[in-house]
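Peer 1: Next comes my_file_27.pdb, PDB, C-alpha atoms and all ligand atoms:
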ATOM      1  CA  MET A   1      25.204  22.911  -4.847  1.00  0.00           C
ATOM      2  CA  SER A   2      24.695  19.183  -4.245  1.00  0.00           C
ATOM      3  CA  PHE A   3      27.932  19.281  -2.228  1.00  0.00           C
ATOM      4  CA  ILE A   4      26.376  21.803   0.157  1.00  0.00           C
ATOM      5  CA  PHE A   5      23.221  19.696   0.543  1.00  0.00           C
ATOM      6  CA  ARG A   6      25.287  16.578   1.203  1.00  0.00           C
ATOM      7  CA  ARG A   7      27.199  18.448   3.918  1.00  0.00           C
ATOM      8  CA  LEU A   8      23.957  19.719   5.470  1.00  0.00           C
ATOM      9  CA  PHE A   9      21.656  16.733   5.081  1.00  0.00           C
ATOM     10  CA  GLY A  10      23.875  13.738   4.211  1.00  0.00           C
ATOM     11  CA  THR A  11      22.241  13.251   0.807  1.00  0.00           C
ATOM     12  CA  THR A  12      21.606  15.072  -2.442  1.00  0.00           C
ATOM     13  CA  PRO A  13      17.946  16.106  -2.715  1.00  0.00           C
ATOM     14  CA  THR A  14      15.819  14.573  -5.468  1.00  0.00           C
ATOM     15  CA  VAL A  15      13.170  17.273  -5.027  1.00  0.00           C
ATOM     16  CA  THR A  16      13.278  20.819  -3.657  1.00  0.00           C
ATOM     17  CA  MET A  17      12.585  21.442   0.027  1.00  0.00           C
ATOM     18  CA  GLU A  18       9.432  23.333  -0.968  1.00  0.00           C
ATOM     19  CA  ALA A  19       8.132  20.377  -3.008  1.00  0.00           C
ATOM     20  CA  ALA A  20       8.978  17.934  -0.215  1.00  0.00           C
ATOM     21  CA  GLN A  21       7.178  20.077   2.384  1.00  0.00           C
ATOM     22  CA  LYS A  22       4.165  20.342   0.074  1.00  0.00           C
ATOM     23  CA  LYS A  23       4.051  16.570  -0.366  1.00  0.00           C
ATOM     24  CA  ALA A  24       4.479  15.887   3.368  1.00  0.00           C
ATOM     25  CA  GLN A  25       1.714  18.392   4.181  1.00  0.00           C
ATOM     26  CA  GLN A  26      -0.576  16.798   1.591  1.00  0.00           C
ATOM     27  CA  LEU A  27      -0.078  13.374   3.192  1.00  0.00           C
ATOM     28  CA  ILE A  28      -0.817  14.897   6.623  1.00  0.00           C
ATOM     29  CA  ASP A  29      -3.931  16.693   5.317  1.00  0.00           C
ATOM     30  CA  ASP A  30      -5.287  13.672   3.425  1.00  0.00           C
ATOM     31  CA  ASN A  31      -4.991  11.087   6.189  1.00  0.00           C
ATOM     32  CA  ALA A  32      -6.733  10.857   9.565  1.00  0.00           C
ATOM     33  CA  VAL A  33      -3.567   9.401  11.066  1.00  0.00           C
ATOM     34  CA  MET A  34      -0.302   9.800   9.191  1.00  0.00           C
ATOM     35  CA  VAL A  35       2.817   7.939  10.296  1.00  0.00           C
ATOM     36  CA  PHE A  36       6.134   8.744   8.618  1.00  0.00           C
ATOM     37  CA  SER A  37       8.086   5.602   9.308  1.00  0.00           C
ATOM     38  CA  LYS A  38      11.031   3.384   8.409  1.00  0.00           C
ATOM     39  CA  SER A  39      10.154  -0.243   7.821  1.00  0.00           C
ATOM     40  CA  TYR A  40      13.014  -1.574  10.000  1.00  0.00           C
ATOM     41  CA  CYS A  41      12.467   0.839  12.905  1.00  0.00           C
ATOM     42  CA  PRO A  42      11.361  -0.829  16.172  1.00  0.00           C
ATOM     43  CA  TYR A  43       9.781   2.401  17.485  1.00  0.00           C
ATOM     44  CA  CYS A  44       7.743   2.587  14.257  1.00  0.00           C
ATOM     45  CA  ASN A  45       6.675  -1.036  14.667  1.00  0.00           C
ATOM     46  CA  ASN A  46       5.543  -0.249  18.193  1.00  0.00           C
ATOM     47  CA  THR A  47       3.520   2.735  16.974  1.00  0.00           C
ATOM     48  CA  LYS A  48       1.843   0.529  14.349  1.00  0.00           C
ATOM     49  CA  ARG A  49       1.115  -2.072  17.038  1.00  0.00           C
ATOM     50  CA  ILE A  50      -0.475   0.587  19.275  1.00  0.00           C
ATOM     51  CA  LEU A  51      -2.619   2.011  16.451  1.00  0.00           C
ATOM     52  CA  ASN A  52      -3.676  -1.474  15.309  1.00  0.00           C
ATOM     53  CA  GLY A  53      -4.547  -2.301  18.927  1.00  0.00           C
ATOM     54  CA  LEU A  54      -6.807   0.754  19.002  1.00  0.00           C
ATOM     55  CA  ASP A  55      -8.390  -0.311  15.676  1.00  0.00           C
ATOM     56  CA  ALA A  56      -7.368   3.044  14.218  1.00  0.00           C
ATOM     57  CA  LYS A  57      -7.139   3.553  10.487  1.00  0.00           C
ATOM     58  CA  PHE A  58      -3.687   4.926   9.687  1.00  0.00           C
ATOM     59  CA  THR A  59      -1.447   5.539   6.701  1.00  0.00           C
ATOM     60  CA  THR A  60       2.294   4.999   6.655  1.00  0.00           C
ATOM     61  CA  TYR A  61       4.979   6.450   4.427  1.00  0.00           C
ATOM     62  CA  GLU A  62       8.079   4.284   4.709  1.00  0.00           C
ATOM     63  CA  LEU A  63      10.859   6.811   4.232  1.00  0.00           C
ATOM     64  CA  ASN A  64      13.529   4.135   3.671  1.00  0.00           C
ATOM     65  CA  GLN A  65      11.545   2.650   0.779  1.00  0.00           C
ATOM     66  CA  GLU A  66      10.771   5.843  -1.151  1.00  0.00           C
ATOM     67  CA  ALA A  67      13.071   7.660  -3.577  1.00  0.00           C
ATOM     68  CA  ASP A  68      12.223  10.974  -1.906  1.00  0.00           C
ATOM     69  CA  GLY A  69      12.351   9.557   1.639  1.00  0.00           C
ATOM     70  CA  ASP A  70      15.388  11.586   2.723  1.00  0.00           C
ATOM     71  CA  ASP A  71      13.845  14.754   1.306  1.00  0.00           C
ATOM     72  CA  ILE A  72      10.575  14.130   3.129  1.00  0.00           C
ATOM     73  CA  GLN A  73      12.505  13.447   6.344  1.00  0.00           C
ATOM     74  CA  ASN A  74      14.362  16.757   5.939  1.00  0.00           C
ATOM     75  CA  ALA A  75      11.081  18.536   5.196  1.00  0.00           C
ATOM     76  CA  LEU A  76       9.489  17.049   8.323  1.00  0.00           C
ATOM     77  CA  HIS A  77      12.484  18.211  10.316  1.00  0.00           C
ATOM     78  CA  GLN A  78      11.919  21.754   9.057  1.00  0.00           C
ATOM     79  CA  MET A  79       8.176  21.552   9.690  1.00  0.00           C
ATOM     80  CA  THR A  80       8.177  19.919  13.138  1.00  0.00           C
ATOM     81  CA  GLY A  81      11.697  20.185  14.540  1.00  0.00           C
ATOM     82  CA  GLN A  82      11.685  16.369  14.716  1.00  0.00           C
ATOM     83  CA  ARG A  83      14.105  14.293  12.644  1.00  0.00           C
ATOM     84  CA  THR A  84      13.385  10.853  14.070  1.00  0.00           C
ATOM     85  CA  VAL A  85      10.788   8.333  12.973  1.00  0.00           C
ATOM     86  CA  PRO A  86       8.053   7.567  13.638  1.00  0.00           C
ATOM     87  CA  ASN A  87       6.759  11.088  13.068  1.00  0.00           C
ATOM     88  CA  ILE A  88       3.054  10.923  13.843  1.00  0.00           C
ATOM     89  CA  PHE A  89       0.109  13.204  13.033  1.00  0.00           C
ATOM     90  CA  ILE A  90      -3.474  12.712  14.206  1.00  0.00           C
ATOM     91  CA  GLY A  91      -6.125  14.917  12.613  1.00  0.00           C
ATOM     92  CA  ARG A  92      -3.341  17.081  11.127  1.00  0.00           C
ATOM     93  CA  VAL A  93      -1.943  17.740  14.603  1.00  0.00           C
ATOM     94  CA  HIS A  94       1.671  16.812  15.203  1.00  0.00           C
ATOM     95  CA  ILE A  95       1.881  14.238  17.988  1.00  0.00           C
ATOM     96  CA  GLY A  96       5.616  13.482  17.842  1.00  0.00           C
ATOM     97  CA  GLY A  97       7.333  10.115  18.073  1.00  0.00           C
ATOM     98  CA  ASN A  98       6.439   6.749  19.546  1.00  0.00           C
ATOM     99  CA  SER A  99       7.057   7.818  23.146  1.00  0.00           C
ATOM    100  CA  ASP A 100       4.813  10.856  22.575  1.00  0.00           C
ATOM    101  CA  LEU A 101       2.060   8.592  21.226  1.00  0.00           C
ATOM    102  CA  GLU A 102       2.443   6.339  24.278  1.00  0.00           C
ATOM    103  CA  ASN A 103       2.055   9.413  26.453  1.00  0.00           C
ATOM    104  CA  VAL A 104      -1.099  10.506  24.604  1.00  0.00           C
ATOM    105  CA  VAL A 105      -2.533   6.986  24.984  1.00  0.00           C
ATOM    106  CA  LYS A 106      -1.892   7.187  28.738  1.00  0.00           C
ATOM    107  CA  ASN A 107      -2.736  10.812  29.471  1.00  0.00           C
ATOM    108  CA  GLY A 108      -4.598  12.182  26.450  1.00  0.00           C
ATOM    109  CA  LYS A 109      -3.743  15.522  24.856  1.00  0.00           C
ATOM    110  CA  ASP A 110      -5.295  18.936  25.454  1.00  0.00           C
ATOM    111  CA  GLY A 111      -7.980  17.347  27.634  1.00  0.00           C
ATOM    112  CA  LYS A 112      -8.958  14.752  25.024  1.00  0.00           C
ATOM    113  CA  SER A 113      -8.460  11.012  25.224  1.00  0.00           C
ATOM    114  CA  ILE A 114      -6.761   9.103  22.418  1.00  0.00           C
ATOM    115  CA  THR A 115     -10.162   7.656  21.460  1.00  0.00           C
ATOM    116  CA  GLU A 116     -11.645  11.149  21.183  1.00  0.00           C
ATOM    117  CA  LEU A 117      -8.691  12.369  19.133  1.00  0.00           C
ATOM    118  CA  LEU A 118      -8.905   9.388  16.775  1.00  0.00           C
ATOM    119  CA  THR A 119     -12.686   9.691  16.461  1.00  0.00           C
ATOM    120  CA  GLU A 120     -12.500  13.429  15.709  1.00  0.00           C
ATOM    121  CA  ALA A 121      -9.807  12.743  13.130  1.00  0.00           C
ATOM    122  CA  GLY A 122     -11.982  10.122  11.425  1.00  0.00           C
ATOM    123  CA  ALA A 123      -9.671   7.227  12.226  1.00  0.00           C
ATOM    124  CA  LEU A 124     -12.208   5.204  14.219  1.00  0.00           C
TER     125      LEU A 124
HETATM  126  N1  LIG B   1      12.177   8.611  21.180  1.00  0.00           N
HETATM  127  C1  LIG B   1      11.893   8.350  19.784  1.00  0.00           C
HETATM  128  C2  LIG B   1      12.947   7.384  19.227  1.00  0.00           C
HETATM  129  C3  LIG B   1      12.838   7.199  17.720  1.00  0.00           C
HETATM  130  C4  LIG B   1      14.134   6.787  17.057  1.00  0.00           C
HETATM  131  O1  LIG B   1      15.205   6.782  17.696  1.00  0.00           O
HETATM  132  N2  LIG B   1      14.026   6.402  15.788  1.00  0.00           N
HETATM  133  C5  LIG B   1      15.211   6.089  15.011  1.00  0.00           C
HETATM  134  C6  LIG B   1      14.915   4.905  14.080  1.00  0.00           C
HETATM  135  S1  LIG B   1      14.537   3.410  14.974  1.00  0.00           S
HETATM  136  C7  LIG B   1      15.545   7.253  14.092  1.00  0.00           C
HETATM  137  O2  LIG B   1      14.681   8.006  13.694  1.00  0.00           O
HETATM  138  N3  LIG B   1      16.828   7.381  13.730  1.00  0.00           N
HETATM  139  C8  LIG B   1      17.258   8.419  12.818  1.00  0.00           C
HETATM  140  C9  LIG B   1      16.941   8.098  11.386  1.00  0.00           C
HETATM  141  O3  LIG B   1      16.479   6.988  11.057  1.00  0.00           O
HETATM  142  O4  LIG B   1      17.148   8.999  10.554  1.00  0.00           O
HETATM  143  C10 LIG B   1      10.469   7.803  19.663  1.00  0.00           C
HETATM  144  O5  LIG B   1       9.914   7.373  20.683  1.00  0.00           O
HETATM  145  O6  LIG B   1       9.904   7.849  18.561  1.00  0.00           O
END
Would it be possible to restate this file's structure as structure tokens?

Peer 2:
Amino acid sequence: MSFIFRRLFGTTPTVTMEAAQKKAQQLIDDNAVMVFSKSYCPYCNNTKRILNGLDAKFTTYELNQEADGDDIQNALHQMTGQRTVPNIFIGRVHIGGNSDLENVVKNGKDGKSITELLTEAGAL
């Protein structure tokens, strides 16, 4: 069984996909802005710089520093279709990666500015 997982995902899971999805969703639900990140990732650092520049409260989960990081990354892939980090949520809404956040900062999303989105989410 672990052989199949290694072939599919590159690692052996420490938790089930269901448990990983539940944990990822809980982090998304509990935090105004949730950033799944890797501590060495330059795109993640840029996202943190942008959010700090906006004075937004945000929570990070550094996937490379957590025992279940690979499982959470696989769960996020299932949930959002996105495998890369950063994987960003504002007010439980999936934003995408760093370039998507940059786009929202420039153009807003669904007619709302980044400030409105962050305020509604409770991050400002
Ligand atoms: N266009 C993406 C690029 C993100 C990206 O390439 N991230 C790298 C890490 S720096 C990644 O996720 N690599 C695959 C991995 O770490 O599993 C964005 O703007 O967020």

Peer 1: For Ala32 of chain A, please output as a PDB file with C-alpha atoms, in the frame of the given file all residues within 6 Å (counting all atoms listed in the file; exclusion window: fewer than 2 positions along the same chain).

Peer 2:
ATOM      1  CA  ILE A  90      -3.474  12.712  14.206  1.00  0.00           C
ATOM      2  CA  GLY A  91      -6.125  14.917  12.613  1.00  0.00           C
ATOM      3  CA  ALA A 121      -9.807  12.743  13.130  1.00  0.00           C
ATOM      4  CA  GLY A 122     -11.982  10.122  11.425  1.00  0.00           C
ATOM      5  CA  ALA A 123      -9.671   7.227  12.226  1.00  0.00           C
TER       6      ALA A 123
END

Peer 1: Which neighbours of segment 69-71 of chain A fall inside 10 Å, counting only C-alpha atoms, when residues of the same chain fewer than 6 positions from it are skipped, and could you give them as number ranges by chain?

Peer 2: A: 9-21, 24, 36-38, 61-63, 77

Peer 1: Considering all atoms listed in the file, give me a table of residues in chain A that are at most 10 Å from ligand LIG 1 (chain B), with the closest atom pair and distance in Å for each, as a tab-separated table.

Peer 2:
residue	atom	partner	partner_atom	distance
A:Phe36	CA	B:LIG1	O2	10.0
A:Ser37	CA	B:LIG1	O2	8.3
A:Lys38	CA	B:LIG1	C6	7.0
A:Ser39	CA	B:LIG1	S1	9.1
A:Tyr40	CA	B:LIG1	S1	7.2
A:Cys41	CA	B:LIG1	S1	3.9
A:Pro42	CA	B:LIG1	S1	5.4
A:Tyr43	CA	B:LIG1	S1	5.5
A:Cys44	CA	B:LIG1	S1	6.9
A:Asn45	CA	B:LIG1	S1	9.0
A:Asn46	CA	B:LIG1	O5	9.1
A:Thr47	CA	B:LIG1	O6	8.3
A:Leu63	CA	B:LIG1	O3	8.8
A:Asn64	CA	B:LIG1	O3	8.4
A:Asp70	CA	B:LIG1	O4	8.4
A:Gln73	CA	B:LIG1	O4	7.7
A:Asn74	CA	B:LIG1	O4	9.4
A:Gln82	CA	B:LIG1	O2	8.9
A:Arg83	CA	B:LIG1	O2	6.4
A:Thr84	CA	B:LIG1	O2	3.2
A:Val85	CA	B:LIG1	O2	4.0
A:Pro86	CA	B:LIG1	O6	5.3
A:Asn87	CA	B:LIG1	O6	7.1
A:Ile88	CA	B:LIG1	O6	8.9
A:Gly96	CA	B:LIG1	O6	7.1
A:Gly97	CA	B:LIG1	O6	3.5
A:Asn98	CA	B:LIG1	O5	3.7
A:Ser99	CA	B:LIG1	O5	3.8
A:Asp100	CA	B:LIG1	O5	6.5
A:Leu101	CA	B:LIG1	O5	8.0
A:Glu102	CA	B:LIG1	O5	8.4
A:Asn103	CA	B:LIG1	O5	10.0

Peer 1: Give me, please, the distance in Å between atom CA of Asp68 of chain A and atom CA of Thr80 of chain A, quoted to one decimal.

Peer 2: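 Atom CA of Thr80 of chain A lies at a distance of 18.0 Å from atom CA of Asp68 of chain A.
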
Peer 1: At a cut-off of 10 Å from (-9.1, 10.0, 11.7) in the coordinates of the file, what residues are picked up using only C-alpha atoms, written as a list in words?

Peer 2: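 Here is the list of nearby residues: Asp30, Asn31, Ala32, Val33, Met34, Ala56, Lys57, Phe58, Phe89, Ile90, Gly91, Arg92, Glu116, Leu117, Leu118, Thr119, Glu120, Ala121, Gly122, Ala123 and Leu124 of chain A.
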
Peer 1: So the first atom is atom CA of Val35 of chain A and the second is atom CA of Leu51 of chain A; what is the distance between them in Å, to one decimal place?

Peer 2: 10.1 Å

Peer 1: Between atom CA of Lys106 of chain A and atom CA of Lys48 of chain A, what is the spacing in Å?

Peer 2: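 The value is 16.3 Å.
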
Peer 1: So that all listed atoms of segment 16-27 of chain A fit with 6 Å spare on each side, what axis-aligned box centre and edge lengths in Å, to one decimal, would you give as AutoDock Vina command-line options?

Peer 2:
--center_x 6.4 --center_y 18.4 --center_z 0.3 --size_x 25.9 --size_y 22.0 --size_z 19.8
